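A.B. asks: Here you go, this is work_17.cif (mmCIF, C-alpha atoms).
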data_input
loop_
_atom_site.label_atom_id
_atom_site.label_comp_id
_atom_site.auth_asym_id
_atom_site.auth_seq_id
_atom_site.Cartn_x
_atom_site.Cartn_y
_atom_site.Cartn_z
CA MET A 143 1.60 -20.70 2.54
CA LYS A 144 4.45 -20.81 0.01
CA ASP A 145 1.98 -20.14 -2.79
CA ILE A 146 0.53 -17.15 -0.95
CA ILE A 147 4.03 -15.73 -0.42
CA GLN A 148 5.03 -16.24 -4.05
CA GLU A 149 1.80 -14.77 -5.44
CA ASN A 150 1.74 -11.72 -3.16
CA LYS A 151 5.39 -10.93 -2.46
CA GLY A 152 5.45 -8.02 -4.91
CA ILE A 153 2.32 -6.33 -3.61
CA ILE A 154 3.35 -6.82 0.03
CA ARG A 155 6.73 -5.21 -0.66
CA ALA A 156 5.04 -2.40 -2.59
CA VAL A 157 2.67 -1.64 0.31
CA ILE A 158 5.61 -1.67 2.74
CA ARG A 159 7.49 0.76 0.49
CA ARG A 160 4.45 3.02 0.15
CA VAL A 161 3.67 3.14 3.88
CA THR A 162 7.22 3.27 5.29
CA GLY A 163 9.04 4.95 2.41
CA THR A 164 11.53 2.08 2.17
CA TYR A 165 11.63 -1.70 1.98
CA ASN A 166 11.94 -3.45 5.33
CA GLU A 167 12.51 -7.21 5.48
CA ASP A 168 11.51 -7.42 9.16
CA ILE A 169 8.09 -6.00 8.36
CA GLU A 170 7.70 -8.37 5.42
CA GLN A 171 8.48 -11.36 7.65
CA GLU A 172 6.02 -10.13 10.26
CA VAL A 173 3.34 -9.85 7.55
CA TYR A 174 3.91 -13.48 6.58
CA ILE A 175 3.74 -14.59 10.21
CA LYS A 176 0.53 -12.64 10.86
CA THR A 177 -0.97 -13.94 7.62
CA TRP A 178 -0.24 -17.50 8.67
CA ARG A 179 -1.64 -16.92 12.17
CA ASN A 180 -4.79 -15.17 10.94
CA MET A 181 -5.69 -17.33 7.92
CA ASN A 182 -8.45 -18.95 9.97
CA ASN A 183 -9.92 -15.50 10.72
CA TYR A 184 -10.08 -14.48 7.06
CA GLN A 185 -13.68 -14.41 5.88
CA GLU A 186 -14.24 -14.47 2.16
CA GLN A 187 -16.37 -11.34 2.21
CA GLY A 188 -13.79 -9.27 0.36
CA LYS A 189 -10.80 -9.87 -1.82
CA PHE A 190 -7.87 -11.72 -0.30
CA LYS A 191 -5.31 -9.26 -1.73
CA GLN A 192 -7.15 -6.33 -0.17
CA TRP A 193 -7.19 -8.13 3.19
CA LEU A 194 -3.47 -8.81 2.79
CA CYS A 195 -2.76 -5.15 1.90
CA THR A 196 -4.69 -3.98 4.96
CA LEU A 197 -2.83 -6.46 7.17
CA THR A 198 0.48 -5.25 5.70
CA ALA A 199 -0.37 -1.59 6.31
CA ASN A 200 -1.38 -2.40 9.90
CA VAL A 201 1.90 -4.25 10.50
CA CYS A 202 3.77 -1.18 9.18
CA ARG A 203 1.85 1.06 11.57
CA ASP A 204 2.52 -1.31 14.48
CA TYR A 205 6.20 -1.33 13.59
CA PHE A 206 6.35 2.47 13.70
CA ARG A 207 4.45 2.61 16.97
CA SER A 208 6.60 0.07 18.73
CA LYS A 209 10.04 1.07 17.52
CA THR A 210 9.95 4.82 17.15
CA VAL A 211 7.76 5.58 20.14
CA ARG A 212 10.03 3.66 22.50
CA GLU A 213 13.21 5.12 21.03
CA ARG A 214 11.90 8.67 21.04
CA ALA A 215 10.49 8.40 24.56
CA ALA A 216 13.92 7.43 25.81
CA GLU A 217 15.59 10.43 24.13
CA ILE A 218 13.13 13.30 24.59
CA THR A 219 14.61 16.61 25.73
CA ASP A 220 13.03 20.02 26.28
CA ASP A 221 14.07 21.15 22.80
CA GLU A 222 12.44 18.10 21.30
CA VAL A 223 9.20 18.82 23.12
CA LEU A 224 9.11 22.22 21.42
CA ASN A 225 9.99 20.62 18.08
CA ASN A 226 7.28 17.98 18.59
CA ILE A 227 4.72 20.73 19.03
CA ALA A 228 5.86 22.20 15.72
CA ASP A 229 5.74 18.72 14.16
CA THR A 230 2.05 18.32 15.03
CA ASN A 231 1.15 19.76 11.64
CA SER A 232 3.40 17.26 9.87
CA GLN A 233 1.82 14.42 11.89
CA GLU A 234 -1.63 15.61 10.85
CA GLU A 235 -0.39 15.74 7.26
CA ALA A 236 0.89 12.16 7.61
CA ILE A 237 -2.51 11.03 8.91
CA ASP A 238 -4.21 12.82 6.03
CA ALA A 239 -1.80 11.16 3.61
CA LYS A 240 -2.68 7.74 5.02
CA LYS A 241 -6.39 8.49 4.68
CA ARG A 242 -5.79 9.58 1.09
CA GLN A 243 -3.82 6.41 0.46
CA LYS A 244 -6.66 4.29 1.81
CA LEU A 245 -9.14 6.10 -0.47
CA ILE A 246 -6.84 5.58 -3.45
CA LEU A 247 -6.43 1.87 -2.70
CA LYS A 248 -10.22 1.54 -2.42
CA ALA A 249 -10.66 3.29 -5.78
CA VAL A 250 -8.09 0.98 -7.38
CA ASP A 251 -9.86 -2.01 -5.86
CA ASP A 252 -13.15 -0.83 -7.44
CA LEU A 253 -11.67 -0.78 -10.96
CA PRO A 254 -12.67 -3.50 -13.43
CA TYR A 255 -10.40 -6.54 -13.06
CA LYS A 256 -8.31 -6.05 -16.24
CA MET A 257 -7.62 -2.38 -15.50
CA ARG A 258 -6.96 -3.05 -11.81
CA LYS A 259 -4.44 -5.76 -12.68
CA VAL A 260 -2.50 -3.42 -15.01
CA ILE A 261 -2.50 -0.56 -12.45
CA ILE A 262 -1.33 -2.85 -9.64
CA MET A 263 1.42 -4.38 -11.73
CA HIS A 264 2.65 -1.02 -13.01
CA GLU A 265 2.17 1.32 -10.05
CA PHE A 266 2.53 -1.02 -7.06
CA GLU A 267 4.86 -3.69 -8.39
CA ASP A 268 6.88 -1.24 -10.55
CA MET A 269 6.65 -3.37 -13.69
CA PRO A 270 7.23 -1.69 -17.06
CA LEU A 271 4.29 -1.80 -19.49
CA GLU A 272 6.22 -4.04 -21.89
CA GLN A 273 6.78 -6.63 -19.16
CA ILE A 274 3.10 -6.49 -18.18
CA ALA A 275 2.12 -7.12 -21.81
CA GLN A 276 4.42 -10.13 -21.94
CA LYS A 277 3.23 -11.52 -18.61
CA LEU A 278 -0.45 -11.15 -19.49
CA ASN A 279 0.14 -12.23 -23.12
CA VAL A 280 -1.68 -9.12 -24.36
CA PRO A 281 -0.53 -6.57 -26.98
CA LEU A 282 1.31 -3.53 -25.60
CA GLY A 283 -1.33 -1.22 -27.11
CA THR A 284 -4.03 -2.97 -25.11
CA ILE A 285 -2.02 -2.55 -21.91
CA LYS A 286 -1.52 1.16 -22.67
CA SER A 287 -5.23 1.54 -23.33
CA ARG A 288 -6.16 -0.17 -20.07
CA MET A 289 -3.67 1.99 -18.19
CA PHE A 290 -5.05 5.17 -19.78
CA ASN A 291 -8.66 4.22 -19.02
CA ALA A 292 -7.84 3.13 -15.47
CA ARG A 293 -6.05 6.41 -14.77
CA LYS A 294 -8.95 8.35 -16.26
CA ILE A 295 -11.45 6.54 -14.01
CA LEU A 296 -9.23 7.02 -10.95
CA SER A 297 -8.77 10.70 -11.79
CA GLU A 298 -12.54 11.19 -12.00
CA LYS A 299 -13.24 9.23 -8.81
CA LEU A 300 -10.47 10.94 -6.83
CA ALA A 301 -10.83 14.47 -8.21
CA TYR A 302 -12.08 15.67 -4.82
CA LEU A 303 -8.70 14.74 -3.30
CA LYS A 304 -7.02 17.20 -5.64
CA GLY A 305 -9.54 19.88 -4.69
CA GLU A 306 -11.32 19.87 -8.06
#
Could you rewrite the structure in this file as C-alpha coordinates?
C.D. replies:
Amino acid sequence: MKDIIQENKGIIRAVIRRVTGTYNEDIEQEVYIKTWRNMNNYQEQGKFKQWLCTLTANVCRDYFRSKTVRERAAEITDDEVLNNIADTNSQEEAIDAKKRQKLILKAVDDLPYKMRKVIIMHEFEDMPLEQIAQKLNVPLGTIKSRMFNARKILSEKLAYLKGE
(Lines of atoms letter the chains of each structure in order from A and count residues from 1; the text may use other names and numbers.)
(Lines give C-alpha, C1' and ligand atoms only; values in the text may rest on other atoms or scores of the structure.)
Protein backbone atom coordinates (compact mmCIF):
# COMPACT_ATOMS: atom_id res chain seq x y z
CA MET A 1 0.00 0.00 0.00
CA LYS A 2 2.93 2.33 0.71
CA ASP A 3 4.10 1.93 -2.88
CA ILE A 4 0.65 2.78 -4.21
CA ILE A 5 0.53 5.91 -2.04
CA GLN A 6 4.01 7.04 -3.08
CA GLU A 7 3.40 6.42 -6.79
CA ASN A 8 -0.01 8.08 -6.92
CA LYS A 9 0.10 10.79 -4.26
CA GLY A 10 0.59 13.57 -6.83
CA ILE A 11 -2.26 12.53 -9.09
CA ILE A 12 -4.63 11.95 -6.16
CA ARG A 13 -3.90 15.43 -4.82
CA ALA A 14 -4.31 16.90 -8.30
CA VAL A 15 -7.73 15.27 -8.75
CA ILE A 16 -8.79 16.51 -5.31
CA ARG A 17 -7.68 20.04 -6.25
CA ARG A 18 -9.47 19.87 -9.60
CA VAL A 19 -12.76 18.57 -8.17
CA THR A 20 -12.90 20.57 -4.92
CA GLY A 21 -10.92 23.64 -5.91
CA THR A 22 -8.50 23.16 -3.00
CA TYR A 23 -6.37 20.48 -1.40
CA ASN A 24 -8.07 18.58 1.42
CA GLU A 25 -6.08 16.13 3.54
CA ASP A 26 -9.22 14.46 4.92
CA ILE A 27 -10.34 13.54 1.42
CA GLU A 28 -6.87 12.25 0.57
CA GLN A 29 -6.88 10.00 3.64
CA GLU A 30 -10.35 8.74 2.77
CA VAL A 31 -9.11 7.89 -0.75
CA TYR A 32 -6.29 5.81 0.71
CA ILE A 33 -8.69 4.02 3.05
CA LYS A 34 -11.16 3.27 0.25
CA THR A 35 -8.33 2.15 -2.02
CA TRP A 36 -7.13 -0.27 0.62
CA ARG A 37 -10.65 -1.57 1.28
CA ASN A 38 -11.50 -1.97 -2.41
CA MET A 39 -8.23 -3.41 -3.76
CA ASN A 40 -9.87 -6.84 -3.92
CA ASN A 41 -12.68 -5.40 -6.06
CA TYR A 42 -10.32 -3.87 -8.62
CA GLN A 43 -10.47 -5.81 -11.86
CA GLU A 44 -7.62 -5.31 -14.27
CA GLN A 45 -9.91 -4.36 -17.14
CA GLY A 46 -8.72 -0.76 -17.19
CA LYS A 47 -5.77 1.21 -15.98
CA PHE A 48 -5.17 1.33 -12.25
CA LYS A 49 -4.52 5.10 -12.26
CA GLN A 50 -7.85 5.72 -14.00
CA TRP A 51 -9.62 3.57 -11.42
CA LEU A 52 -7.85 5.51 -8.68
CA CYS A 53 -8.81 8.87 -10.24
CA THR A 54 -12.44 7.78 -10.47
CA LEU A 55 -12.39 6.60 -6.86
CA THR A 56 -10.85 9.94 -5.81
CA ALA A 57 -13.48 11.95 -7.68
CA ASN A 58 -16.24 9.86 -6.10
CA VAL A 59 -14.79 10.41 -2.61
CA CYS A 60 -14.76 14.17 -3.33
CA ARG A 61 -18.41 14.04 -4.38
CA ASP A 62 -19.32 12.01 -1.29
CA TYR A 63 -17.51 14.54 0.89
CA PHE A 64 -19.51 17.40 -0.61
CA ARG A 65 -22.78 15.53 -0.25
CA SER A 66 -22.24 14.58 3.36
CA LYS A 67 -20.76 17.79 4.73
CA THR A 68 -22.42 20.59 2.82
CA VAL A 69 -25.86 19.04 2.55
CA ARG A 70 -26.10 18.50 6.30
CA GLU A 71 -24.73 21.93 7.15
CA ARG A 72 -26.95 23.72 4.66
CA ALA A 73 -30.06 21.78 5.69
CA ALA A 74 -29.54 22.94 9.25
CA GLU A 75 -29.25 26.61 8.23
CA ILE A 76 -31.83 27.07 5.46
CA THR A 77 -34.01 30.16 5.71
CA ASP A 78 -36.68 31.55 3.39
CA ASP A 79 -34.17 33.87 1.75
CA GLU A 80 -31.87 30.96 1.09
CA VAL A 81 -34.67 29.00 -0.56
CA LEU A 82 -35.08 31.87 -3.03
CA ASN A 83 -31.31 32.04 -3.52
CA ASN A 84 -31.16 28.27 -4.04
CA ILE A 85 -33.70 28.57 -6.83
CA ALA A 86 -31.46 31.16 -8.45
CA ASP A 87 -28.44 28.90 -7.87
CA THR A 88 -30.03 26.07 -9.87
CA ASN A 89 -28.32 27.37 -12.99
CA SER A 90 -24.94 27.37 -11.25
CA GLN A 91 -25.56 23.80 -10.04
CA GLU A 92 -26.37 22.75 -13.60
CA GLU A 93 -23.18 24.49 -14.73
CA ALA A 94 -21.24 22.57 -12.07
CA ILE A 95 -22.71 19.28 -13.29
CA ASP A 96 -21.83 20.22 -16.87
CA ALA A 97 -18.31 21.10 -15.73
CA LYS A 98 -17.94 17.69 -14.10
CA LYS A 99 -19.16 15.97 -17.27
CA ARG A 100 -16.66 18.02 -19.27
CA GLN A 101 -13.93 17.08 -16.83
CA LYS A 102 -14.76 13.40 -17.21
CA LEU A 103 -14.60 13.71 -21.01
CA ILE A 104 -11.25 15.50 -20.76
CA LEU A 105 -9.83 12.84 -18.44
CA LYS A 106 -11.01 10.14 -20.86
CA ALA A 107 -9.34 11.95 -23.77
CA VAL A 108 -6.10 12.26 -21.79
CA ASP A 109 -6.30 8.57 -20.94
CA ASP A 110 -6.62 7.74 -24.66
CA LEU A 111 -3.38 9.56 -25.54
CA PRO A 112 -0.29 7.52 -26.42
CA TYR A 113 1.66 6.62 -23.27
CA LYS A 114 4.58 9.06 -23.71
CA MET A 115 2.30 12.03 -24.42
CA ARG A 116 -0.12 11.07 -21.64
CA LYS A 117 2.72 10.86 -19.12
CA VAL A 118 3.96 14.37 -20.03
CA ILE A 119 0.43 15.87 -19.88
CA ILE A 120 -0.30 14.24 -16.51
CA MET A 121 2.99 15.35 -15.01
CA HIS A 122 2.65 18.91 -16.29
CA GLU A 123 -1.08 19.62 -16.05
CA PHE A 124 -2.17 17.41 -13.14
CA GLU A 125 0.97 17.23 -11.03
CA ASP A 126 2.05 20.83 -11.82
CA MET A 127 5.59 19.86 -12.77
CA PRO A 128 7.61 22.28 -14.93
CA LEU A 129 8.74 20.93 -18.31
CA GLU A 130 12.40 21.07 -17.26
CA GLN A 131 11.71 18.85 -14.24
CA ILE A 132 9.76 16.40 -16.41
CA ALA A 133 12.71 16.19 -18.81
CA GLN A 134 15.05 15.45 -15.92
CA LYS A 135 12.74 12.88 -14.36
CA LEU A 136 12.16 11.04 -17.63
CA ASN A 137 15.80 11.49 -18.72
CA VAL A 138 14.66 12.93 -22.05
CA PRO A 139 15.79 16.16 -23.76
CA LEU A 140 13.66 19.23 -23.02
CA GLY A 141 12.89 19.64 -26.74
CA THR A 142 11.39 16.16 -26.82
CA ILE A 143 9.20 16.97 -23.83
CA LYS A 144 8.04 20.21 -25.49
CA SER A 145 7.28 18.31 -28.68
CA ARG A 146 5.27 15.67 -26.82
CA MET A 147 3.38 18.39 -24.96
CA PHE A 148 2.60 20.24 -28.20
CA ASN A 149 1.41 17.09 -29.96
CA ALA A 150 -0.64 15.95 -26.96
CA ARG A 151 -2.36 19.33 -26.72
CA LYS A 152 -3.03 19.29 -30.46
CA ILE A 153 -4.64 15.83 -30.23
CA LEU A 154 -6.68 16.85 -27.18
CA SER A 155 -7.77 20.06 -28.91
CA GLU A 156 -8.98 18.09 -31.94
CA LYS A 157 -10.73 15.44 -29.86
CA LEU A 158 -12.38 17.97 -27.54
CA ALA A 159 -13.20 20.68 -30.08
CA TYR A 160 -16.92 19.97 -29.66
CA LEU A 161 -16.66 21.04 -26.00
CA LYS A 162 -15.55 24.48 -27.14
CA GLY A 163 -18.44 24.64 -29.60
CA GLU A 164 -16.26 24.32 -32.70
A.B. asks: For this file, the PyMOL selection byres ((chain A and resi 195) around 10) selects which residues, as a PDB file with C-alpha atoms, in the coordinates of the input?
C.D. replies:
ATOM      1  CA  ASN A 150       1.740 -11.720  -3.160  1.00  0.00           C
ATOM      2  CA  ILE A 153       2.320  -6.330  -3.610  1.00  0.00           C
ATOM      3  CA  ILE A 154       3.350  -6.820   0.030  1.00  0.00           C
ATOM      4  CA  ARG A 155       6.730  -5.210  -0.660  1.00  0.00           C
ATOM      5  CA  ALA A 156       5.040  -2.400  -2.590  1.00  0.00           C
ATOM      6  CA  VAL A 157       2.670  -1.640   0.310  1.00  0.00           C
ATOM      7  CA  ILE A 158       5.610  -1.670   2.740  1.00  0.00           C
ATOM      8  CA  VAL A 173       3.340  -9.850   7.550  1.00  0.00           C
ATOM      9  CA  PHE A 190      -7.870 -11.720  -0.300  1.00  0.00           C
ATOM     10  CA  LYS A 191      -5.310  -9.260  -1.730  1.00  0.00           C
ATOM     11  CA  GLN A 192      -7.150  -6.330  -0.170  1.00  0.00           C
ATOM     12  CA  TRP A 193      -7.190  -8.130   3.190  1.00  0.00           C
ATOM     13  CA  LEU A 194      -3.470  -8.810   2.790  1.00  0.00           C
ATOM     14  CA  THR A 196      -4.690  -3.980   4.960  1.00  0.00           C
ATOM     15  CA  LEU A 197      -2.830  -6.460   7.170  1.00  0.00           C
ATOM     16  CA  THR A 198       0.480  -5.250   5.700  1.00  0.00           C
ATOM     17  CA  ALA A 199      -0.370  -1.590   6.310  1.00  0.00           C
ATOM     18  CA  ASN A 200      -1.380  -2.400   9.900  1.00  0.00           C
ATOM     19  CA  VAL A 201       1.900  -4.250  10.500  1.00  0.00           C
ATOM     20  CA  LEU A 247      -6.430   1.870  -2.700  1.00  0.00           C
TER      21      LEU A 247
END
A.B. asks: Would you work out the distance separating atom CA of A:Leu296 from atom CA of A:Val250, expressed in Å to one decimal?
C.D. replies: 7.1 Å
A.B. asks: Grab the atom CA of A:Ile146 to atom CA of A:Ile285 distance for me, in Å with one decimal place.
C.D. replies: 25.7 Å
A.B. asks: Interatomic distance between atom CA of A:Pro270 and atom CA of A:Glu170?
C.D. replies: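 Going from atom CA of A:Pro270 over to atom CA of A:Glu170 covers 23.5 Å.
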A.B. asks: May I ask which of the residues A:Lys259, A:Lys244, A:Lys277, A:Lys189 is the closest one to A:Leu300, counting all atoms listed in the file?
C.D. replies: A:Lys244
A.B. asks: Pick from A:Tyr302, A:Ile175, A:Val161, A:Ala292: nearest to A:Tyr255, with all atoms listed in the file counted?
C.D. replies: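 Closest to A:Tyr255, using all atoms listed in the file: A:Ala292.
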A.B. asks: With all atoms listed in the file as the counted atoms, please give the residues lying no more than 12 Å from A:Ala275, apart from itself and same-chain residues fewer than 5 positions off, as a PyMOL selection string.
C.D. replies: chain A and resi 256+259-260+263-264+269-270+280-289
A.B. asks: Of the candidates A:Asn166, A:Leu271, A:Lys294, A:Gln243, which shows the shortest atom-to-atom distance to A:Cys202, using only C-alpha atoms?
C.D. replies: A:Asn166
A.B. asks: May I have the residues at most 12 Å from (15.1, -3.4, 9.7) in the file's coordinates, counting all atoms listed in the file, as a list in words?
C.D. replies: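 In the file's frame, the residues around the point are Ile158, Thr162, Thr164, Tyr165, Asn166, Glu167, Asp168, Ile169, Glu170, Gln171, Glu172, Cys202, Tyr205, Phe206 and Lys209 of chain A.
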A.B. asks: Nearest to A:Ile261 among A:Thr177, A:Ile274, A:Gly163, A:Leu303, with distances taken over all atoms listed in the file: which residue is it?
C.D. replies: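 Nearest candidate to A:Ile261 out of A:Thr177, A:Ile274, A:Gly163, A:Leu303: A:Ile274.
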